[in-house]
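So this one's coords-v5.txt, compact mmCIF, C-alpha atoms and all ligand atoms:
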# COMPACT_ATOMS: atom_id res chain seq x y z
CA MET I 1 5.48 18.00 -17.21
CA THR I 2 9.04 16.93 -16.58
CA THR I 3 11.18 18.87 -14.11
CA THR I 4 14.83 18.40 -13.31
CA THR I 5 16.27 18.99 -9.85
CA GLY I 6 20.01 18.45 -9.54
CA THR I 7 20.68 15.10 -11.14
CA THR I 8 17.19 13.58 -10.71
CA THR I 9 14.45 13.97 -13.25
CA SER I 10 10.94 14.06 -11.80
CA THR I 11 7.55 13.90 -13.43
CA ILE I 12 5.88 15.21 -10.28
CA PRO I 13 4.57 18.67 -11.16
CA PRO I 14 5.87 21.53 -9.01
CA VAL I 15 3.40 23.60 -6.94
CA PRO I 16 2.52 26.67 -8.96
CA GLY I 17 3.08 29.90 -7.07
CA ALA I 18 4.55 28.15 -4.01
CA GLY I 19 5.76 30.82 -1.63
CA PRO I 20 4.45 33.22 0.99
CA SER I 21 0.63 33.01 1.33
CA GLY I 22 -0.24 35.95 3.55
CA VAL I 23 -1.27 33.56 6.34
CA PRO I 24 1.19 33.77 9.23
CA GLU I 25 3.67 30.94 8.83
CA GLU I 26 3.17 29.70 12.36
CA ARG I 27 -0.60 29.37 11.86
CA ARG I 28 -0.17 27.71 8.47
CA LEU I 29 2.19 25.09 9.87
CA GLN I 30 -0.02 24.57 12.91
CA LYS I 31 -3.01 23.84 10.66
CA LEU I 32 -1.10 21.37 8.53
CA GLY I 33 0.47 19.86 11.62
CA GLU I 34 -2.91 19.23 13.27
CA LEU I 35 -4.52 17.74 10.18
CA PHE I 36 -1.69 15.40 9.31
CA ASP I 37 -0.24 14.77 12.76
CA VAL I 38 0.96 11.18 12.99
CA ARG I 39 3.61 11.85 15.61
CA GLY I 40 3.75 9.15 18.23
CA LEU I 41 1.45 6.72 16.43
CA GLY I 42 2.50 3.07 16.41
CA VAL I 43 2.45 1.91 12.79
CA VAL I 44 3.02 -1.49 11.18
CA VAL I 45 3.49 -1.96 7.44
CA THR I 46 3.44 -5.46 5.99
CA GLY I 47 5.57 -5.93 2.89
CA GLY I 48 7.62 -3.14 4.43
CA GLY I 49 10.94 -4.37 3.09
CA SER I 50 10.37 -3.17 -0.46
CA GLY I 51 8.42 -0.97 -2.83
CA LEU I 52 5.17 0.62 -1.74
CA GLY I 53 5.34 -0.68 1.83
CA LEU I 54 8.84 0.61 2.38
CA ARG I 55 7.92 3.99 0.92
CA MET I 56 4.75 4.32 3.01
CA GLY I 57 6.62 3.28 6.15
CA THR I 58 9.41 5.73 5.42
CA ALA I 59 6.96 8.59 4.90
CA LEU I 60 5.23 7.81 8.20
CA ALA I 61 8.57 7.57 10.02
CA GLU I 62 9.67 10.90 8.55
CA ALA I 63 6.41 12.41 9.77
CA GLY I 64 7.15 11.24 13.31
CA ALA I 65 5.37 7.89 13.68
CA HIS I 66 6.95 4.83 15.32
CA VAL I 67 7.12 2.44 12.40
CA THR I 68 7.64 -1.31 12.31
CA LEU I 69 8.40 -2.70 8.87
CA LEU I 70 7.28 -6.33 8.56
CA ASP I 71 8.38 -8.61 5.75
CA VAL I 72 8.96 -12.28 5.04
CA VAL I 73 12.40 -11.50 3.57
CA GLY I 74 14.75 -10.56 6.39
CA ASP I 75 17.55 -9.32 4.12
CA ARG I 76 15.28 -6.66 2.66
CA LEU I 77 14.41 -5.45 6.14
CA ASP I 78 18.06 -5.29 7.20
CA GLU I 79 18.94 -3.31 4.10
CA ALA I 80 15.99 -0.95 4.57
CA ARG I 81 16.79 -0.33 8.22
CA THR I 82 20.43 0.39 7.41
CA ASP I 83 19.53 2.78 4.57
CA LEU I 84 17.03 4.63 6.74
CA ALA I 85 19.47 4.84 9.66
CA GLU I 86 21.95 6.52 7.32
CA GLN I 87 19.24 9.13 6.69
CA GLY I 88 18.75 9.57 10.44
CA LEU I 89 15.49 7.59 10.57
CA GLN I 90 14.89 4.87 13.15
CA VAL I 91 12.45 2.07 12.33
CA ASP I 92 11.83 -1.33 13.88
CA VAL I 93 11.72 -4.41 11.71
CA ALA I 94 10.01 -7.77 12.11
CA VAL I 95 10.36 -10.89 10.01
CA ALA I 96 6.98 -12.57 9.65
CA ASP I 97 4.88 -14.35 7.07
CA ILE I 98 1.39 -12.91 6.67
CA THR I 99 0.03 -16.33 5.74
CA ASP I 100 0.71 -17.36 9.35
CA PHE I 101 -1.91 -15.68 11.55
CA ASP I 102 -0.22 -16.70 14.80
CA GLN I 103 2.97 -14.84 13.86
CA LEU I 104 1.00 -11.66 13.21
CA ASP I 105 -1.11 -12.03 16.33
CA ALA I 106 1.95 -12.45 18.54
CA LEU I 107 3.74 -9.46 17.00
CA PHE I 108 0.72 -7.15 17.16
CA ASP I 109 0.07 -8.25 20.76
CA ARG I 110 3.62 -7.24 21.66
CA LEU I 111 3.25 -3.89 19.88
CA GLU I 112 -0.12 -3.22 21.54
CA HIS I 113 1.56 -3.49 24.92
CA SER I 114 4.70 -1.61 23.92
CA GLU I 115 5.49 1.97 24.85
CA HIS I 116 3.99 3.37 21.64
CA GLY I 117 0.96 1.13 21.22
CA LEU I 118 -0.54 0.08 17.91
CA HIS I 119 -2.63 2.62 16.00
CA VAL I 120 -2.17 2.03 12.27
CA VAL I 121 -1.76 -1.20 10.30
CA PHE I 122 -1.03 -1.24 6.58
CA ALA I 123 -1.99 -4.66 5.18
CA ASN I 124 0.16 -4.12 2.15
CA ALA I 125 2.21 -7.23 1.37
CA GLY I 126 1.29 -8.95 -1.86
CA ILE I 127 2.61 -10.94 -4.78
CA SER I 128 2.04 -10.96 -8.52
CA ALA I 129 0.09 -13.60 -10.39
CA GLY I 130 2.01 -12.85 -13.58
CA ILE I 131 0.37 -11.79 -16.80
CA GLY I 132 -3.36 -11.99 -17.38
CA PRO I 133 -5.39 -12.85 -20.47
CA ARG I 134 -3.48 -10.40 -22.61
CA LEU I 135 -1.11 -13.32 -23.27
CA ARG I 136 -2.08 -16.92 -23.90
CA THR I 137 -0.29 -18.19 -20.77
CA GLY I 138 -2.51 -15.99 -18.62
CA ARG I 139 -5.83 -17.08 -20.05
CA ILE I 140 -8.50 -18.75 -17.95
CA THR I 141 -8.31 -21.81 -20.17
CA ASP I 142 -4.67 -22.24 -19.08
CA LEU I 143 -4.99 -21.36 -15.40
CA ASP I 144 -1.89 -22.13 -13.33
CA ARG I 145 -3.63 -23.65 -10.31
CA GLU I 146 -0.55 -23.78 -8.11
CA ARG I 147 0.07 -20.08 -8.66
CA TRP I 148 -3.64 -19.35 -8.14
CA GLN I 149 -3.46 -20.88 -4.66
CA GLN I 150 -0.19 -19.11 -3.75
CA VAL I 151 -1.61 -15.74 -4.71
CA LEU I 152 -4.84 -16.36 -2.79
CA ASP I 153 -2.85 -17.45 0.27
CA VAL I 154 -0.75 -14.28 0.33
CA ASN I 155 -2.97 -11.57 -1.16
CA LEU I 156 -6.32 -12.57 0.32
CA THR I 157 -5.73 -14.85 3.31
CA GLY I 158 -2.63 -12.85 4.25
CA ALA I 159 -4.62 -9.63 4.09
CA VAL I 160 -7.47 -10.98 6.23
CA ASN I 161 -4.94 -12.41 8.71
CA THR I 162 -3.38 -8.96 9.00
CA MET I 163 -6.75 -7.25 9.39
CA SER I 164 -7.89 -9.80 11.94
CA ALA I 165 -4.75 -9.46 14.07
CA ALA I 166 -4.99 -5.68 13.72
CA ALA I 167 -8.62 -5.67 14.87
CA ARG I 168 -7.63 -7.70 17.94
CA HIS I 169 -4.79 -5.42 18.98
CA LEU I 170 -5.35 -1.94 17.57
CA ASN I 171 -5.76 0.94 19.92
CA THR I 172 -9.42 1.74 20.61
CA GLY I 173 -10.35 5.40 20.00
CA TYR I 174 -7.88 6.02 17.19
CA GLY I 175 -7.20 3.17 14.82
CA ARG I 176 -6.54 2.77 11.12
CA ILE I 177 -6.43 -0.30 8.89
CA VAL I 178 -5.26 0.38 5.35
CA VAL I 179 -5.29 -2.46 2.82
CA THR I 180 -3.45 -2.30 -0.48
CA SER I 181 -5.79 -3.29 -3.29
CA SER I 182 -4.99 -2.38 -6.90
CA VAL I 183 -6.54 -0.76 -9.93
CA GLY I 184 -6.49 -4.37 -11.17
CA GLY I 185 -9.09 -5.18 -8.50
CA ILE I 186 -11.32 -2.23 -9.38
CA ARG I 187 -11.82 -2.79 -13.09
CA ALA I 188 -11.18 -5.57 -15.58
CA ASP I 189 -7.51 -5.67 -16.44
CA PRO I 190 -6.16 -8.10 -19.04
CA MET I 191 -2.61 -7.27 -17.95
CA VAL I 192 -2.86 -8.87 -14.51
CA GLY I 193 -3.43 -12.52 -13.69
CA TYR I 194 -6.82 -13.86 -12.64
CA ALA I 195 -5.66 -14.60 -9.12
CA TYR I 196 -4.33 -11.08 -8.68
CA ALA I 197 -7.52 -9.44 -10.01
CA SER I 198 -9.64 -11.67 -7.78
CA THR I 199 -7.69 -11.08 -4.60
CA LYS I 200 -7.44 -7.33 -5.11
CA ALA I 201 -11.21 -7.19 -5.65
CA GLY I 202 -11.67 -9.51 -2.67
CA VAL I 203 -9.85 -7.25 -0.23
CA VAL I 204 -12.26 -4.43 -1.10
CA GLY I 205 -15.08 -6.63 0.21
CA LEU I 206 -13.12 -7.26 3.40
CA VAL I 207 -12.53 -3.54 3.83
CA ARG I 208 -16.19 -2.61 3.47
CA ASN I 209 -17.41 -5.12 6.04
CA ALA I 210 -14.62 -4.47 8.51
CA ALA I 211 -15.27 -0.72 8.25
CA LEU I 212 -18.81 -1.35 9.48
CA GLU I 213 -17.75 -3.74 12.22
CA LEU I 214 -14.94 -1.64 13.67
CA ALA I 215 -16.38 1.88 13.43
CA HIS I 216 -17.71 1.83 17.00
CA ARG I 217 -14.13 1.43 18.26
CA GLY I 218 -12.92 4.49 16.38
CA ILE I 219 -11.12 2.35 13.83
CA THR I 220 -11.40 3.27 10.16
CA VAL I 221 -10.75 0.69 7.45
CA ASN I 222 -9.87 1.73 3.92
CA ALA I 223 -8.27 0.38 0.78
CA VAL I 224 -5.74 2.10 -1.41
CA ALA I 225 -5.79 1.11 -5.06
CA PRO I 226 -2.52 1.94 -6.79
CA GLY I 227 -1.91 1.99 -10.50
CA LEU I 228 1.55 1.21 -11.79
CA PHE I 229 4.61 1.80 -9.58
CA GLU I 230 7.99 0.41 -10.57
CA THR I 231 8.86 -2.02 -7.75
CA ASN I 232 10.26 -5.50 -7.16
CA ILE I 233 6.84 -7.08 -7.71
CA ARG I 234 7.35 -6.68 -11.44
CA LYS I 235 10.28 -9.10 -11.38
CA ALA I 236 7.77 -11.97 -11.08
CA ASN I 237 6.06 -10.88 -14.27
CA PRO I 238 7.87 -11.79 -17.51
CA ALA I 239 5.58 -9.41 -19.41
CA ALA I 240 6.33 -6.41 -17.20
CA GLU I 241 7.42 -4.21 -20.11
CA ALA I 242 4.25 -4.88 -22.08
CA MET I 243 2.24 -4.26 -18.94
CA THR I 244 3.86 -0.88 -18.44
CA ALA I 245 3.28 0.13 -22.04
CA ASP I 246 -0.39 -0.86 -21.82
CA PHE I 247 -0.93 0.89 -18.51
CA VAL I 248 0.66 4.11 -19.71
CA LYS I 249 -1.54 3.99 -22.80
CA VAL I 250 -4.81 3.60 -20.88
CA SER I 251 -4.19 5.84 -17.85
CA ALA I 252 -5.35 9.44 -17.92
CA LEU I 253 -1.94 10.80 -16.91
CA LYS I 254 -0.11 8.64 -19.50
CA ARG I 255 2.71 7.62 -17.21
CA SER I 256 3.51 5.23 -14.38
CA ALA I 257 3.79 6.64 -10.86
CA GLN I 258 6.86 7.55 -8.86
CA LEU I 259 7.15 6.19 -5.33
CA PRO I 260 7.19 9.64 -3.67
CA GLU I 261 3.72 10.20 -5.12
CA LEU I 262 2.40 7.64 -2.63
CA GLU I 263 3.64 9.50 0.44
CA GLY I 264 0.82 12.05 0.73
CA LEU I 265 -1.87 9.37 0.59
CA ALA I 266 -0.05 7.20 3.14
CA VAL I 267 0.19 10.05 5.66
CA TYR I 268 -3.37 11.24 4.94
CA VAL I 269 -5.00 7.88 5.46
CA ALA I 270 -3.12 7.33 8.74
CA SER I 271 -3.74 10.84 10.04
CA PRO I 272 -6.64 12.78 11.65
CA ALA I 273 -7.26 14.37 8.24
CA SER I 274 -9.02 11.16 7.12
CA SER I 275 -11.20 10.78 10.25
CA TYR I 276 -14.52 10.61 8.32
CA VAL I 277 -13.22 8.33 5.57
CA THR I 278 -13.99 4.64 6.10
CA GLY I 279 -14.93 1.73 3.89
CA ALA I 280 -13.48 3.70 0.98
CA VAL I 281 -11.26 2.74 -1.92
CA LEU I 282 -8.72 5.49 -2.46
CA ASN I 283 -7.46 5.26 -6.03
CA ILE I 284 -3.94 6.39 -6.77
CA ASP I 285 -3.61 5.30 -10.34
CA GLY I 286 -3.17 8.26 -12.64
CA GLY I 287 -6.79 7.86 -13.75
CA GLY I 288 -6.28 4.23 -14.76
CA GLN I 289 -9.62 3.09 -13.27
CA HIS I 290 -11.64 5.10 -15.74
CA VAL I 291 -10.49 3.21 -18.79
CA GLY I 292 -12.16 0.03 -19.93
CA PRO I 293 -10.30 -3.15 -20.82
CA ASN I 294 -11.39 -2.78 -24.42
CA ASP I 295 -8.75 -0.10 -24.74
CA VAL I 296 -6.10 -2.80 -24.33
CA GLU I 297 -5.57 -5.30 -27.12
CA LEU I 298 -6.09 -8.98 -26.39
N1 LIG U 301 3.77 -1.87 -7.79
C1 LIG U 301 2.60 -1.68 -8.30
O1 LIG U 301 2.46 -1.17 -9.43
C2 LIG U 301 1.35 -2.06 -7.54
C3 LIG U 301 0.11 -1.66 -8.06
C4 LIG U 301 -1.05 -1.99 -7.38
C5 LIG U 301 -0.98 -2.69 -6.19
N2 LIG U 301 0.24 -3.07 -5.71
C6 LIG U 301 0.24 -3.82 -4.45
O2 LIG U 301 1.09 -3.15 -3.55
C7 LIG U 301 1.58 -4.05 -2.59
C8 LIG U 301 3.08 -3.90 -2.49
O3 LIG U 301 3.64 -4.25 -3.75
P1 LIG U 301 5.03 -3.69 -4.27
O4 LIG U 301 4.81 -3.22 -5.64
O5 LIG U 301 5.62 -2.78 -3.27
O6 LIG U 301 5.84 -5.05 -4.34
P2 LIG U 301 7.27 -5.47 -3.76
O7 LIG U 301 7.51 -6.84 -4.29
O8 LIG U 301 8.26 -4.41 -4.03
O9 LIG U 301 7.01 -5.53 -2.19
C9 LIG U 301 6.17 -6.50 -1.62
C10 LIG U 301 6.80 -7.00 -0.34
O10 LIG U 301 5.90 -7.94 0.26
C11 LIG U 301 6.70 -8.96 0.82
N3 LIG U 301 5.91 -10.19 0.99
C12 LIG U 301 5.52 -11.04 0.01
N4 LIG U 301 4.90 -12.08 0.55
C13 LIG U 301 4.89 -11.89 1.89
C14 LIG U 301 4.41 -12.64 2.98
N5 LIG U 301 3.82 -13.85 2.80
N6 LIG U 301 4.57 -12.16 4.24
C15 LIG U 301 5.19 -10.96 4.43
N7 LIG U 301 5.68 -10.22 3.43
C16 LIG U 301 5.54 -10.68 2.17
C17 LIG U 301 7.83 -9.16 -0.15
O11 LIG U 301 8.94 -9.80 0.44
C18 LIG U 301 8.13 -7.73 -0.57
O12 LIG U 301 9.16 -7.15 0.21
C19 LIG U 301 1.14 -5.44 -3.06
O13 LIG U 301 -0.03 -5.83 -2.34
C20 LIG U 301 0.80 -5.22 -4.51
O14 LIG U 301 -0.12 -6.15 -4.99
C21 LIG U 301 1.39 -2.79 -6.36
Would you mind writing the structure in this file as structure tokens?
Ligand SMILES: NC(=O)c1ccc[n+]([C@@H]2O[C@H](COP(=O)([O-])OP(=O)(O)OC[C@H]3O[C@@H](n4cnc5c(N)ncnc54)[C@H](O)[C@@H]3O)[C@@H](O)[C@H]2O)c1
Amino acid sequence: MTTTTGTTTSTIPPVPGAGPSGVPEERRLQKLGELFDVRGLGVVVTGGGSGLGLRMGTALAEAGAHVTLLDVVGDRLDEARTDLAEQGLQVDVAVADITDFDQLDALFDRLEHSEHGLHVVFANAGISAGIGPRLRTGRITDLDRERWQQVLDVNLTGAVNTMSAAARHLNTGYGRIVVTSSVGGIRADPMVGYAYASTKAGVVGLVRNAALELAHRGITVNAVAPGLFETNIRKANPAAEAMTADFVKVSALKRSAQLPELEGLAVYVASPASSYVTGAVLNIDGGGQHVGPNDVEL
């Protein structure tokens, strides 16, 4: 369904029958507030200067968390902080490269001992490996080994660096690690490069083991697996248009996602509402994981 509010057109369906429920408003808000209360939590989001990371960080900041956006591109962080300040939202920013463990360790150590502490880490930063076997240039026979290594360094080693630094410095008693995987790591996907598919599957393995290791400290570890969101990551993929068309064709909802559709999951997975969820892969892909690669032409 397409709805239009003011000048923006949204494909997010409205809530049917939204309005008074019969439950006293104060009690209703109290219930929601308790379940999804992230006020006062210290949150870090890697890749926070753009796209999914920026949107998740913004949602957490709007919900009352103390958010640090981390990115390797300082200009993106400056722009994000300025934009958010204009909306009345304060966030901290940190320039760091997730491939450098020492940078993360030093930052997380500082945050652990800061006024707000460190409760939630989104290991979200990642890069594209370009097109997969759908096009000849992405086939395994023509593997771009330099790109393979770059993508492994950022998407897999960068993710484990972030998780490792988080595990060393997260608050004990209430902690969350959330790693951004992808639908491309959950099922075969001829639209994404081999390195991308491998690293996004690889982080799921990291999440499962770390969930077991860290449970006794009250730290949950989960992956989110997005489908297609229109962000800057697509600029590195010359076949982005074909990728979109294919994804829309194979997903159940027959559309790509809008960034606001990520907000609920970001708050949920950071909040008390997800207290019994760990080692899980939370798909947010419009039903894209249910479709086999044979539905996409090679
Ligand atoms: N957009 C999608 O459709 C989609 C789908 C599934 C998964 N994802 C994953 O979501 C995550 C975010 O992607 P996005 O779509 O928001 O992309 P994006 O390019 O908009 O944002 C990624 C951010 O990560 C930063 N980054 C890259 N390398 C870094 C490094 N070494 N250290 C620190 N920061 C670094 C970039 O500067 C950028 O700001 C990625 O892990 C991506 O693989 C995206």
Counting all atoms listed in the file, I want the residues whose atoms come within 12 Å of (2.1, 14.7, 20.2) in the file frame, returned as a short mmCIF file (atom, residue, chain, number, x, y, z; two decimals) with C-alpha atoms, keeping the file's coordinate frame.
data_model
loop_
_atom_site.label_atom_id
_atom_site.label_comp_id
_atom_site.auth_asym_id
_atom_site.auth_seq_id
_atom_site.Cartn_x
_atom_site.Cartn_y
_atom_site.Cartn_z
CA GLY I 33 0.47 19.86 11.62
CA GLU I 34 -2.91 19.23 13.27
CA PHE I 36 -1.69 15.40 9.31
CA ASP I 37 -0.24 14.77 12.76
CA VAL I 38 0.96 11.18 12.99
CA ARG I 39 3.61 11.85 15.61
CA GLY I 40 3.75 9.15 18.23
CA LEU I 41 1.45 6.72 16.43
CA ALA I 63 6.41 12.41 9.77
CA GLY I 64 7.15 11.24 13.31
CA ALA I 65 5.37 7.89 13.68
CA HIS I 116 3.99 3.37 21.64
#
>> Which residue is closest to ligand LIG 301 (chain U)? Choose from I:Leu170, I:Ala236, I:Val43, I:Met191 and count only C-alpha atoms and all ligand atoms.
In response: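 Checking each of I:Leu170, I:Ala236, I:Val43, I:Met191 against ligand LIG 301 (chain U), counting only C-alpha atoms and all ligand atoms, the winner is I:Ala236.
For the set I:Ile219, I:Val281, I:Leu253, I:Ala201, the residue with the smallest atom-to-atom gap to Pro13 in chain I is I:Leu253, counting all atoms listed in the file.
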> Can you tell me which residues sit at most 6 Å away from ligand LIG 301 (chain U), counting only C-alpha atoms and all ligand atoms, written as JSON, numbers by chain?
Replying inline: {"I": [46, 47, 49, 50, 51, 52, 53, 71, 72, 73, 96, 97, 98, 99, 124, 125, 126, 127, 154, 180, 181, 182, 226, 227, 228, 229, 230, 231, 232, 233]}
Got a sec: who's within 9 Å of Asp109 in chain I, counting all atoms listed in the file, leaving out chain neighbours fewer than 2 positions off, as a PDB file with C-alpha atoms, keeping the file's coordinate frame?
ATOM      1  CA  LEU I 104       1.000 -11.660  13.210  1.00  0.00           C
ATOM      2  CA  ASP I 105      -1.110 -12.030  16.330  1.00  0.00           C
ATOM      3  CA  ALA I 106       1.950 -12.450  18.540  1.00  0.00           C
ATOM      4  CA  LEU I 107       3.740  -9.460  17.000  1.00  0.00           C
ATOM      5  CA  LEU I 111       3.250  -3.890  19.880  1.00  0.00           C
ATOM      6  CA  GLU I 112      -0.120  -3.220  21.540  1.00  0.00           C
ATOM      7  CA  HIS I 113       1.560  -3.490  24.920  1.00  0.00           C
ATOM      8  CA  SER I 114       4.700  -1.610  23.920  1.00  0.00           C
ATOM      9  CA  LEU I 118      -0.540   0.080  17.910  1.00  0.00           C
ATOM     10  CA  ALA I 165      -4.750  -9.460  14.070  1.00  0.00           C
ATOM     11  CA  ARG I 168      -7.630  -7.700  17.940  1.00  0.00           C
ATOM     12  CA  HIS I 169      -4.790  -5.420  18.980  1.00  0.00           C
ATOM     13  CA  LEU I 170      -5.350  -1.940  17.570  1.00  0.00           C
TER      14      LEU I 170
END
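With all atoms listed in the file as the basis for measurement, I:Val277 is the residue among I:Val277, I:Ala85, I:Ala188, I:Ala240 that approaches Gly218 in chain I most closely.
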>> What's the separation between CA of Gly130 in chain I and CA of Thr11 in chain I, in Å to one decimal place?
In response: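 Calculated distance between CA of Gly130 in chain I and CA of Thr11 in chain I is 27.3 Å.
Minimum distance to Ser275 in chain I across I:Tyr174, I:Phe108, I:Phe247, I:Trp148 (counting only C-alpha atoms) occurs at I:Tyr174.
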> Separation of CA of Arg28 in chain I and CA of Tyr276 in chain I, in Å?
Replying inline: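 These atoms are spaced 22.3 Å apart.
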> Interatomic distance between CA of Asp102 in chain I and CA of Met163 in chain I?
Replying inline: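 We find that CA of Asp102 in chain I and CA of Met163 in chain I lie 12.7 Å from each other.
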Shell around Ala129 in chain I at 6 Å using only C-alpha atoms, local window under 6 positions removed, as a compact mmCIF listing (two decimals) with C-alpha atoms, in the frame of the given file:
# COMPACT_ATOMS: atom_id res chain seq x y z
CA GLY I 193 -3.43 -12.52 -13.69
CA ALA I 195 -5.66 -14.60 -9.12
CA TYR I 196 -4.33 -11.08 -8.68
If we count only C-alpha atoms, what is near Thr68 in chain I at a cut-off of 6 Å, once residues fewer than 4 positions away on the same chain are taken out, given as a compact mmCIF listing (two decimals) with C-alpha atoms, in the frame of the given file?
# COMPACT_ATOMS: atom_id res chain seq x y z
CA VAL I 44 3.02 -1.49 11.18
CA VAL I 91 12.45 2.07 12.33
CA ASP I 92 11.83 -1.33 13.88
CA VAL I 93 11.72 -4.41 11.71
>> Neighbouring residues of range 55-62 of chain I were defined as those with any atom within 7 Å, considering only C-alpha atoms; residues of the same chain fewer than 3 positions away were excluded. Please report them as a VMD selection string.
In response: chain I and resid 45 48 51 to 52 65 to 67 69 89 259 262 to 263 266 to 267
> From the set I:Ala225, I:Ala215, I:Leu265, I:Ile284, which residue has the shortest atom-to-atom contact distance to Ala252 in chain I, counting only C-alpha atoms?
Replying inline: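 Selected residue with least distance to Ala252 in chain I: I:Ile284.
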>> Considering only C-alpha atoms, can you say which of I:Leu70, I:Ile12, I:Val192, I:Val269 comes closest to Val120 in chain I?
In response: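 Going through I:Leu70, I:Ile12, I:Val192, I:Val269 one by one, the smallest distance to Val120 in chain I is for I:Val269.
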As AutoDock Vina command-line options, what would the box around range 102-117 of chain I look like: edges along x, y and z, 3 Å added on every side, centre and edge lengths in Å to one decimal?
--center_x 2.2 --center_y -6.7 --center_z 19.1 --size_x 12.6 --size_y 26.1 --size_z 17.7
